[in-house]
>>> print(open('protein36.pdb').read())   # PDB, N, CA and C atoms, pLDDT in the B column
ATOM      1  N   MET A   1     -14.487 -24.599  63.970  1.00 92.00           N
ATOM      2  CA  MET A   1     -13.291 -23.919  64.442  1.00 92.00           C
ATOM      3  C   MET A   1     -13.343 -22.470  63.966  1.00 92.00           C
ATOM      4  N   ARG A   2     -12.878 -21.574  64.806  1.00 95.00           N
ATOM      5  CA  ARG A   2     -12.840 -20.156  64.446  1.00 95.00           C
ATOM      6  C   ARG A   2     -11.896 -19.926  63.259  1.00 95.00           C
ATOM      7  N   LEU A   3     -12.241 -18.953  62.449  1.00 96.00           N
ATOM      8  CA  LEU A   3     -11.446 -18.637  61.259  1.00 96.00           C
ATOM      9  C   LEU A   3     -10.015 -18.259  61.616  1.00 96.00           C
ATOM     10  N   ASP A   4      -9.831 -17.409  62.624  1.00 95.00           N
ATOM     11  CA  ASP A   4      -8.468 -16.984  62.969  1.00 95.00           C
ATOM     12  C   ASP A   4      -7.619 -18.167  63.428  1.00 95.00           C
ATOM     13  N   LYS A   5      -8.203 -19.088  64.170  1.00 95.00           N
ATOM     14  CA  LYS A   5      -7.448 -20.266  64.620  1.00 95.00           C
ATOM     15  C   LYS A   5      -7.137 -21.192  63.443  1.00 95.00           C
ATOM     16  N   TYR A   6      -8.099 -21.361  62.519  1.00 95.00           N
ATOM     17  CA  TYR A   6      -7.857 -22.211  61.347  1.00 95.00           C
ATOM     18  C   TYR A   6      -6.700 -21.656  60.507  1.00 95.00           C
ATOM     19  N   LEU A   7      -6.672 -20.353  60.316  1.00 95.00           N
ATOM     20  CA  LEU A   7      -5.600 -19.741  59.523  1.00 95.00           C
ATOM     21  C   LEU A   7      -4.240 -19.981  60.167  1.00 95.00           C
ATOM     22  N   LYS A   8      -4.191 -19.959  61.504  1.00 95.00           N
ATOM     23  CA  LYS A   8      -2.940 -20.222  62.209  1.00 95.00           C
ATOM     24  C   LYS A   8      -2.550 -21.694  62.135  1.00 95.00           C
ATOM     25  N   VAL A   9      -3.500 -22.599  62.420  1.00 95.00           N
ATOM     26  CA  VAL A   9      -3.204 -24.037  62.421  1.00 95.00           C
ATOM     27  C   VAL A   9      -2.784 -24.506  61.031  1.00 95.00           C
ATOM     28  N   SER A  10      -3.446 -24.000  59.992  1.00 94.00           N
ATOM     29  CA  SER A  10      -3.117 -24.402  58.619  1.00 94.00           C
ATOM     30  C   SER A  10      -1.869 -23.691  58.094  1.00 94.00           C
ATOM     31  N   ARG A  11      -1.363 -22.742  58.882  1.00 94.00           N
ATOM     32  CA  ARG A  11      -0.168 -21.971  58.553  1.00 94.00           C
ATOM     33  C   ARG A  11      -0.329 -21.107  57.297  1.00 94.00           C
ATOM     34  N   LEU A  12      -1.574 -20.738  56.993  1.00 94.00           N
ATOM     35  CA  LEU A  12      -1.795 -19.754  55.931  1.00 94.00           C
ATOM     36  C   LEU A  12      -1.356 -18.383  56.425  1.00 94.00           C
ATOM     37  N   ILE A  13      -1.543 -18.133  57.723  1.00 94.00           N
ATOM     38  CA  ILE A  13      -1.042 -16.932  58.391  1.00 94.00           C
ATOM     39  C   ILE A  13      -0.300 -17.420  59.629  1.00 94.00           C
ATOM     40  N   LYS A  14       0.888 -16.874  59.869  1.00 93.00           N
ATOM     41  CA  LYS A  14       1.777 -17.418  60.904  1.00 93.00           C
ATOM     42  C   LYS A  14       1.230 -17.314  62.323  1.00 93.00           C
ATOM     43  N   ARG A  15       0.642 -16.159  62.683  1.00 95.00           N
ATOM     44  CA  ARG A  15       0.214 -15.954  64.073  1.00 95.00           C
ATOM     45  C   ARG A  15      -1.248 -15.560  64.137  1.00 95.00           C
ATOM     46  N   ARG A  16      -1.900 -15.950  65.219  1.00 94.00           N
ATOM     47  CA  ARG A  16      -3.324 -15.685  65.378  1.00 94.00           C
ATOM     48  C   ARG A  16      -3.653 -14.193  65.483  1.00 94.00           C
ATOM     49  N   PRO A  17      -2.863 -13.385  66.202  1.00 96.00           N
ATOM     50  CA  PRO A  17      -3.170 -11.947  66.221  1.00 96.00           C
ATOM     51  C   PRO A  17      -3.095 -11.304  64.827  1.00 96.00           C
ATOM     52  N   VAL A  18      -2.192 -11.788  63.994  1.00 95.00           N
ATOM     53  CA  VAL A  18      -2.090 -11.281  62.622  1.00 95.00           C
ATOM     54  C   VAL A  18      -3.333 -11.687  61.833  1.00 95.00           C
ATOM     55  N   ALA A  19      -3.822 -12.903  62.060  1.00 94.00           N
ATOM     56  CA  ALA A  19      -5.051 -13.364  61.413  1.00 94.00           C
ATOM     57  C   ALA A  19      -6.237 -12.511  61.855  1.00 94.00           C
ATOM     58  N   ASN A  20      -6.283 -12.159  63.139  1.00 95.00           N
ATOM     59  CA  ASN A  20      -7.344 -11.287  63.652  1.00 95.00           C
ATOM     60  C   ASN A  20      -7.305  -9.919  62.977  1.00 95.00           C
ATOM     61  N   GLU A  21      -6.114  -9.353  62.846  1.00 95.00           N
ATOM     62  CA  GLU A  21      -5.967  -8.044  62.207  1.00 95.00           C
ATOM     63  C   GLU A  21      -6.400  -8.100  60.743  1.00 95.00           C
ATOM     64  N   ALA A  22      -6.052  -9.172  60.042  1.00 95.00           N
ATOM     65  CA  ALA A  22      -6.427  -9.319  58.636  1.00 95.00           C
ATOM     66  C   ALA A  22      -7.950  -9.397  58.500  1.00 95.00           C
ATOM     67  N   CYS A  23      -8.601 -10.111  59.422  1.00 94.00           N
ATOM     68  CA  CYS A  23     -10.065 -10.201  59.402  1.00 94.00           C
ATOM     69  C   CYS A  23     -10.691  -8.837  59.671  1.00 94.00           C
ATOM     70  N   ASP A  24     -10.168  -8.127  60.665  1.00 94.00           N
ATOM     71  CA  ASP A  24     -10.696  -6.814  61.019  1.00 94.00           C
ATOM     72  C   ASP A  24     -10.535  -5.808  59.879  1.00 94.00           C
ATOM     73  N   ALA A  25      -9.455  -5.964  59.105  1.00 95.00           N
ATOM     74  CA  ALA A  25      -9.194  -5.056  57.982  1.00 95.00           C
ATOM     75  C   ALA A  25     -10.000  -5.425  56.743  1.00 95.00           C
ATOM     76  N   GLY A  26     -10.724  -6.543  56.773  1.00 94.00           N
ATOM     77  CA  GLY A  26     -11.545  -6.954  55.633  1.00 94.00           C
ATOM     78  C   GLY A  26     -10.766  -7.608  54.516  1.00 94.00           C
ATOM     79  N   ARG A  27      -9.578  -8.134  54.818  1.00 95.00           N
ATOM     80  CA  ARG A  27      -8.743  -8.756  53.784  1.00 95.00           C
ATOM     81  C   ARG A  27      -9.021 -10.239  53.611  1.00 95.00           C
ATOM     82  N   ILE A  28      -9.951 -10.791  54.397  1.00 96.00           N
ATOM     83  CA  ILE A  28     -10.255 -12.222  54.304  1.00 96.00           C
ATOM     84  C   ILE A  28     -11.733 -12.404  54.004  1.00 96.00           C
ATOM     85  N   LYS A  29     -12.016 -13.212  52.980  1.00 96.00           N
ATOM     86  CA  LYS A  29     -13.395 -13.516  52.609  1.00 96.00           C
ATOM     87  C   LYS A  29     -13.602 -15.024  52.690  1.00 96.00           C
ATOM     88  N   VAL A  30     -14.775 -15.420  53.141  1.00 97.00           N
ATOM     89  CA  VAL A  30     -15.149 -16.831  53.166  1.00 97.00           C
ATOM     90  C   VAL A  30     -16.418 -16.971  52.336  1.00 97.00           C
ATOM     91  N   ASN A  31     -16.365 -17.816  51.325  1.00 96.00           N
ATOM     92  CA  ASN A  31     -17.477 -18.030  50.402  1.00 96.00           C
ATOM     93  C   ASN A  31     -17.969 -16.709  49.794  1.00 96.00           C
ATOM     94  N   GLY A  32     -17.020 -15.808  49.475  1.00 94.00           N
ATOM     95  CA  GLY A  32     -17.348 -14.566  48.793  1.00 94.00           C
ATOM     96  C   GLY A  32     -17.787 -13.429  49.690  1.00 94.00           C
ATOM     97  N   LYS A  33     -17.873 -13.643  51.004  1.00 96.00           N
ATOM     98  CA  LYS A  33     -18.302 -12.592  51.929  1.00 96.00           C
ATOM     99  C   LYS A  33     -17.177 -12.251  52.889  1.00 96.00           C
ATOM    100  N   THR A  34     -17.024 -10.966  53.203  1.00 95.00           N
ATOM    101  CA  THR A  34     -16.019 -10.544  54.176  1.00 95.00           C
ATOM    102  C   THR A  34     -16.323 -11.218  55.503  1.00 95.00           C
ATOM    103  N   ALA A  35     -15.286 -11.797  56.118  1.00 94.00           N
ATOM    104  CA  ALA A  35     -15.486 -12.617  57.305  1.00 94.00           C
ATOM    105  C   ALA A  35     -14.855 -12.009  58.543  1.00 94.00           C
ATOM    106  N   LYS A  36     -15.493 -12.269  59.683  1.00 95.00           N
ATOM    107  CA  LYS A  36     -14.930 -11.892  60.978  1.00 95.00           C
ATOM    108  C   LYS A  36     -14.085 -13.054  61.485  1.00 95.00           C
ATOM    109  N   ALA A  37     -13.207 -12.768  62.444  1.00 94.00           N
ATOM    110  CA  ALA A  37     -12.316 -13.789  63.000  1.00 94.00           C
ATOM    111  C   ALA A  37     -13.089 -14.891  63.713  1.00 94.00           C
ATOM    112  N   SER A  38     -14.294 -14.589  64.193  1.00 94.00           N
ATOM    113  CA  SER A  38     -15.069 -15.562  64.967  1.00 94.00           C
ATOM    114  C   SER A  38     -15.913 -16.499  64.104  1.00 94.00           C
ATOM    115  N   LEU A  39     -15.877 -16.330  62.786  1.00 95.00           N
ATOM    116  CA  LEU A  39     -16.675 -17.180  61.897  1.00 95.00           C
ATOM    117  C   LEU A  39     -16.254 -18.636  62.011  1.00 95.00           C
ATOM    118  N   ASN A  40     -17.228 -19.550  62.057  1.00 96.00           N
ATOM    119  CA  ASN A  40     -16.915 -20.980  62.117  1.00 96.00           C
ATOM    120  C   ASN A  40     -16.599 -21.498  60.722  1.00 96.00           C
ATOM    121  N   VAL A  41     -15.443 -22.130  60.583  1.00 96.00           N
ATOM    122  CA  VAL A  41     -14.998 -22.687  59.305  1.00 96.00           C
ATOM    123  C   VAL A  41     -15.420 -24.146  59.232  1.00 96.00           C
ATOM    124  N   LYS A  42     -15.955 -24.553  58.061  1.00 95.00           N
ATOM    125  CA  LYS A  42     -16.377 -25.935  57.841  1.00 95.00           C
ATOM    126  C   LYS A  42     -15.672 -26.485  56.600  1.00 95.00           C
ATOM    127  N   VAL A  43     -15.676 -27.794  56.476  1.00 95.00           N
ATOM    128  CA  VAL A  43     -15.114 -28.442  55.288  1.00 95.00           C
ATOM    129  C   VAL A  43     -15.921 -27.989  54.074  1.00 95.00           C
ATOM    130  N   GLY A  44     -15.226 -27.613  53.013  1.00 95.00           N
ATOM    131  CA  GLY A  44     -15.875 -27.163  51.791  1.00 95.00           C
ATOM    132  C   GLY A  44     -15.909 -25.648  51.640  1.00 95.00           C
ATOM    133  N   ASP A  45     -15.647 -24.903  52.714  1.00 96.00           N
ATOM    134  CA  ASP A  45     -15.620 -23.444  52.625  1.00 96.00           C
ATOM    135  C   ASP A  45     -14.453 -22.994  51.750  1.00 96.00           C
ATOM    136  N   GLN A  46     -14.652 -21.889  51.043  1.00 97.00           N
ATOM    137  CA  GLN A  46     -13.583 -21.317  50.241  1.00 97.00           C
ATOM    138  C   GLN A  46     -13.130 -20.020  50.896  1.00 97.00           C
ATOM    139  N   ILE A  47     -11.841 -19.938  51.176  1.00 96.00           N
ATOM    140  CA  ILE A  47     -11.268 -18.776  51.857  1.00 96.00           C
ATOM    141  C   ILE A  47     -10.408 -18.009  50.859  1.00 96.00           C
ATOM    142  N   GLU A  48     -10.592 -16.695  50.840  1.00 96.00           N
ATOM    143  CA  GLU A  48      -9.841 -15.818  49.944  1.00 96.00           C
ATOM    144  C   GLU A  48      -9.070 -14.826  50.812  1.00 96.00           C
ATOM    145  N   ILE A  49      -7.746 -14.803  50.679  1.00 96.00           N
ATOM    146  CA  ILE A  49      -6.900 -13.946  51.501  1.00 96.00           C
ATOM    147  C   ILE A  49      -6.137 -12.981  50.598  1.00 96.00           C
ATOM    148  N   SER A  50      -6.186 -11.688  50.935  1.00 94.00           N
ATOM    149  CA  SER A  50      -5.458 -10.663  50.181  1.00 94.00           C
ATOM    150  C   SER A  50      -4.191 -10.294  50.940  1.00 94.00           C
ATOM    151  N   PHE A  51      -3.044 -10.610  50.354  1.00 88.00           N
ATOM    152  CA  PHE A  51      -1.742 -10.221  50.896  1.00 88.00           C
ATOM    153  C   PHE A  51      -1.196  -9.110  50.002  1.00 88.00           C
ATOM    154  N   GLY A  52      -1.486  -7.869  50.327  1.00 86.00           N
ATOM    155  CA  GLY A  52      -1.039  -6.767  49.482  1.00 86.00           C
ATOM    156  C   GLY A  52      -1.676  -6.871  48.110  1.00 86.00           C
ATOM    157  N   ASP A  53      -0.866  -7.072  47.059  1.00 91.00           N
ATOM    158  CA  ASP A  53      -1.421  -7.222  45.714  1.00 91.00           C
ATOM    159  C   ASP A  53      -1.593  -8.683  45.323  1.00 91.00           C
ATOM    160  N   LYS A  54      -1.251  -9.597  46.223  1.00 93.00           N
ATOM    161  CA  LYS A  54      -1.345 -11.029  45.963  1.00 93.00           C
ATOM    162  C   LYS A  54      -2.658 -11.574  46.533  1.00 93.00           C
ATOM    163  N   LEU A  55      -3.322 -12.445  45.791  1.00 94.00           N
ATOM    164  CA  LEU A  55      -4.586 -13.035  46.226  1.00 94.00           C
ATOM    165  C   LEU A  55      -4.418 -14.550  46.313  1.00 94.00           C
ATOM    166  N   VAL A  56      -4.751 -15.125  47.467  1.00 94.00           N
ATOM    167  CA  VAL A  56      -4.649 -16.566  47.678  1.00 94.00           C
ATOM    168  C   VAL A  56      -6.046 -17.113  47.930  1.00 94.00           C
ATOM    169  N   GLN A  57      -6.447 -18.126  47.148  1.00 96.00           N
ATOM    170  CA  GLN A  57      -7.741 -18.768  47.334  1.00 96.00           C
ATOM    171  C   GLN A  57      -7.510 -20.227  47.683  1.00 96.00           C
ATOM    172  N   VAL A  58      -8.147 -20.677  48.773  1.00 97.00           N
ATOM    173  CA  VAL A  58      -8.013 -22.063  49.200  1.00 97.00           C
ATOM    174  C   VAL A  58      -9.384 -22.633  49.541  1.00 97.00           C
ATOM    175  N   GLU A  59      -9.491 -23.954  49.459  1.00 96.00           N
ATOM    176  CA  GLU A  59     -10.698 -24.663  49.871  1.00 96.00           C
ATOM    177  C   GLU A  59     -10.352 -25.512  51.078  1.00 96.00           C
ATOM    178  N   VAL A  60     -11.195 -25.465  52.106  1.00 96.00           N
ATOM    179  CA  VAL A  60     -10.963 -26.214  53.336  1.00 96.00           C
ATOM    180  C   VAL A  60     -11.255 -27.690  53.077  1.00 96.00           C
ATOM    181  N   LEU A  61     -10.245 -28.546  53.290  1.00 95.00           N
ATOM    182  CA  LEU A  61     -10.414 -29.992  53.119  1.00 95.00           C
ATOM    183  C   LEU A  61     -10.684 -30.692  54.442  1.00 95.00           C
ATOM    184  N   SER A  62     -10.079 -30.200  55.523  1.00 94.00           N
ATOM    185  CA  SER A  62     -10.335 -30.760  56.850  1.00 94.00           C
ATOM    186  C   SER A  62     -10.030 -29.713  57.905  1.00 94.00           C
ATOM    187  N   VAL A  63     -10.591 -29.941  59.089  1.00 94.00           N
ATOM    188  CA  VAL A  63     -10.416 -29.022  60.208  1.00 94.00           C
ATOM    189  C   VAL A  63      -9.810 -29.815  61.355  1.00 94.00           C
ATOM    190  N   ALA A  64      -8.668 -29.351  61.878  1.00 91.00           N
ATOM    191  CA  ALA A  64      -8.001 -30.028  62.992  1.00 91.00           C
ATOM    192  C   ALA A  64      -7.569 -28.995  64.019  1.00 91.00           C
ATOM    193  N   GLU A  65      -7.704 -29.336  65.292  1.00 91.00           N
ATOM    194  CA  GLU A  65      -7.317 -28.405  66.365  1.00 91.00           C
ATOM    195  C   GLU A  65      -5.818 -28.127  66.341  1.00 91.00           C
ATOM    196  N   THR A  66      -5.025 -29.156  66.084  1.00 90.00           N
ATOM    197  CA  THR A  66      -3.575 -29.002  65.977  1.00 90.00           C
ATOM    198  C   THR A  66      -3.074 -29.907  64.863  1.00 90.00           C
ATOM    199  N   CYS A  67      -1.920 -29.565  64.312  1.00 90.00           N
ATOM    200  CA  CYS A  67      -1.275 -30.448  63.342  1.00 90.00           C
ATOM    201  C   CYS A  67       0.183 -30.051  63.208  1.00 90.00           C
ATOM    202  N   LYS A  68       0.977 -30.984  62.714  1.00 92.00           N
ATOM    203  CA  LYS A  68       2.397 -30.723  62.518  1.00 92.00           C
ATOM    204  C   LYS A  68       2.602 -29.882  61.269  1.00 92.00           C
ATOM    205  N   LYS A  69       3.758 -29.252  61.206  1.00 90.00           N
ATOM    206  CA  LYS A  69       4.071 -28.372  60.088  1.00 90.00           C
ATOM    207  C   LYS A  69       3.965 -29.097  58.751  1.00 90.00           C
ATOM    208  N   GLU A  70       4.427 -30.332  58.702  1.00 92.00           N
ATOM    209  CA  GLU A  70       4.416 -31.095  57.453  1.00 92.00           C
ATOM    210  C   GLU A  70       2.993 -31.439  57.010  1.00 92.00           C
ATOM    211  N   GLU A  71       2.076 -31.582  57.977  1.00 92.00           N
ATOM    212  CA  GLU A  71       0.701 -31.977  57.665  1.00 92.00           C
ATOM    213  C   GLU A  71      -0.211 -30.789  57.405  1.00 92.00           C
ATOM    214  N   ALA A  72       0.258 -29.578  57.635  1.00 92.00           N
ATOM    215  CA  ALA A  72      -0.570 -28.387  57.532  1.00 92.00           C
ATOM    216  C   ALA A  72      -1.121 -28.197  56.119  1.00 92.00           C
ATOM    217  N   LYS A  73      -0.350 -28.524  55.103  1.00 92.00           N
ATOM    218  CA  LYS A  73      -0.790 -28.336  53.722  1.00 92.00           C
ATOM    219  C   LYS A  73      -1.920 -29.288  53.330  1.00 92.00           C
ATOM    220  N   GLU A  74      -2.144 -30.337  54.122  1.00 93.00           N
ATOM    221  CA  GLU A  74      -3.223 -31.281  53.831  1.00 93.00           C
ATOM    222  C   GLU A  74      -4.575 -30.770  54.321  1.00 93.00           C
ATOM    223  N   LEU A  75      -4.593 -29.658  55.067  1.00 94.00           N
ATOM    224  CA  LEU A  75      -5.847 -29.103  55.581  1.00 94.00           C
ATOM    225  C   LEU A  75      -6.600 -28.287  54.522  1.00 94.00           C
ATOM    226  N   TYR A  76      -5.907 -27.890  53.444  1.00 96.00           N
ATOM    227  CA  TYR A  76      -6.537 -27.065  52.431  1.00 96.00           C
ATOM    228  C   TYR A  76      -5.979 -27.398  51.050  1.00 96.00           C
ATOM    229  N   LYS A  77      -6.722 -26.940  50.022  1.00 95.00           N
ATOM    230  CA  LYS A  77      -6.301 -27.100  48.632  1.00 95.00           C
ATOM    231  C   LYS A  77      -6.285 -25.717  47.995  1.00 95.00           C
ATOM    232  N   VAL A  78      -5.176 -25.350  47.362  1.00 95.00           N
ATOM    233  CA  VAL A  78      -5.071 -24.046  46.697  1.00 95.00           C
ATOM    234  C   VAL A  78      -5.858 -24.094  45.396  1.00 95.00           C
ATOM    235  N   LEU A  79      -6.687 -23.080  45.179  1.00 92.00           N
ATOM    236  CA  LEU A  79      -7.511 -23.025  43.958  1.00 92.00           C
ATOM    237  C   LEU A  79      -6.856 -22.168  42.893  1.00 92.00           C
TER
END
>>> encode(input="protein36.pdb", output="structure tokens")
Amino acid sequence: MRLDKYLKVSRLIKRRPVANEACDAGRIKVNGKTAKASLNVKVGDQIEISFGDKLVQVEVLSVAETCKKEEAKELYKVL
């Protein structure tokens, strides 16, 4: 699954265009490397997101095309 879509489905970022902008600005890293929105996300990848001065690190536990709001937190684990 594309990184921008995963960020939206997992609700780490609310909208896909915002996820695209964050990737283009270099604020998202996957496994320690700056990532593009088109990068394929796999189980076990570590995603690092910079929100201003706040840093969020998560590990991908599962990948799903769609999920309910309540189940979104089960797609990743905060490190």
>>> residues_around(input="protein36.pdb", residues="Ala19 (chain A)", least_positions_apart="6", cutoff="7 Å", atoms="only C-alpha atoms", output="ChimeraX atom specification")
/A:4,7,13
>>> residues_near_point(input="protein36.pdb", point="(-11.3, -10.3, 62.4)", cutoff="5 Å", atoms="all atoms listed in the file", output="list of chain:residue names")
A:Asn20, A:Cys23, A:Asp24, A:Lys36, A:Ala37
>>> atom_distance(input="protein36.pdb", atom1="CA of Val56 (chain A)", atom2="CA of Tyr76 (chain A)")
11.7 Å
>>> resolve_selection(input="protein36.pdb", expression="the PyMOL selection byres ((chain A and resi 1) around 8)", output="JSON, numbers by chain")
{"A": [2, 3, 4, 5, 6, 7, 37, 38, 39, 40, 41, 42, 63, 64, 65]}
>>> atom_distance(input="protein36.pdb", atom1="atom N of Gln57 (chain A)", atom2="CA of Val78 (chain A)")
6.1 Å
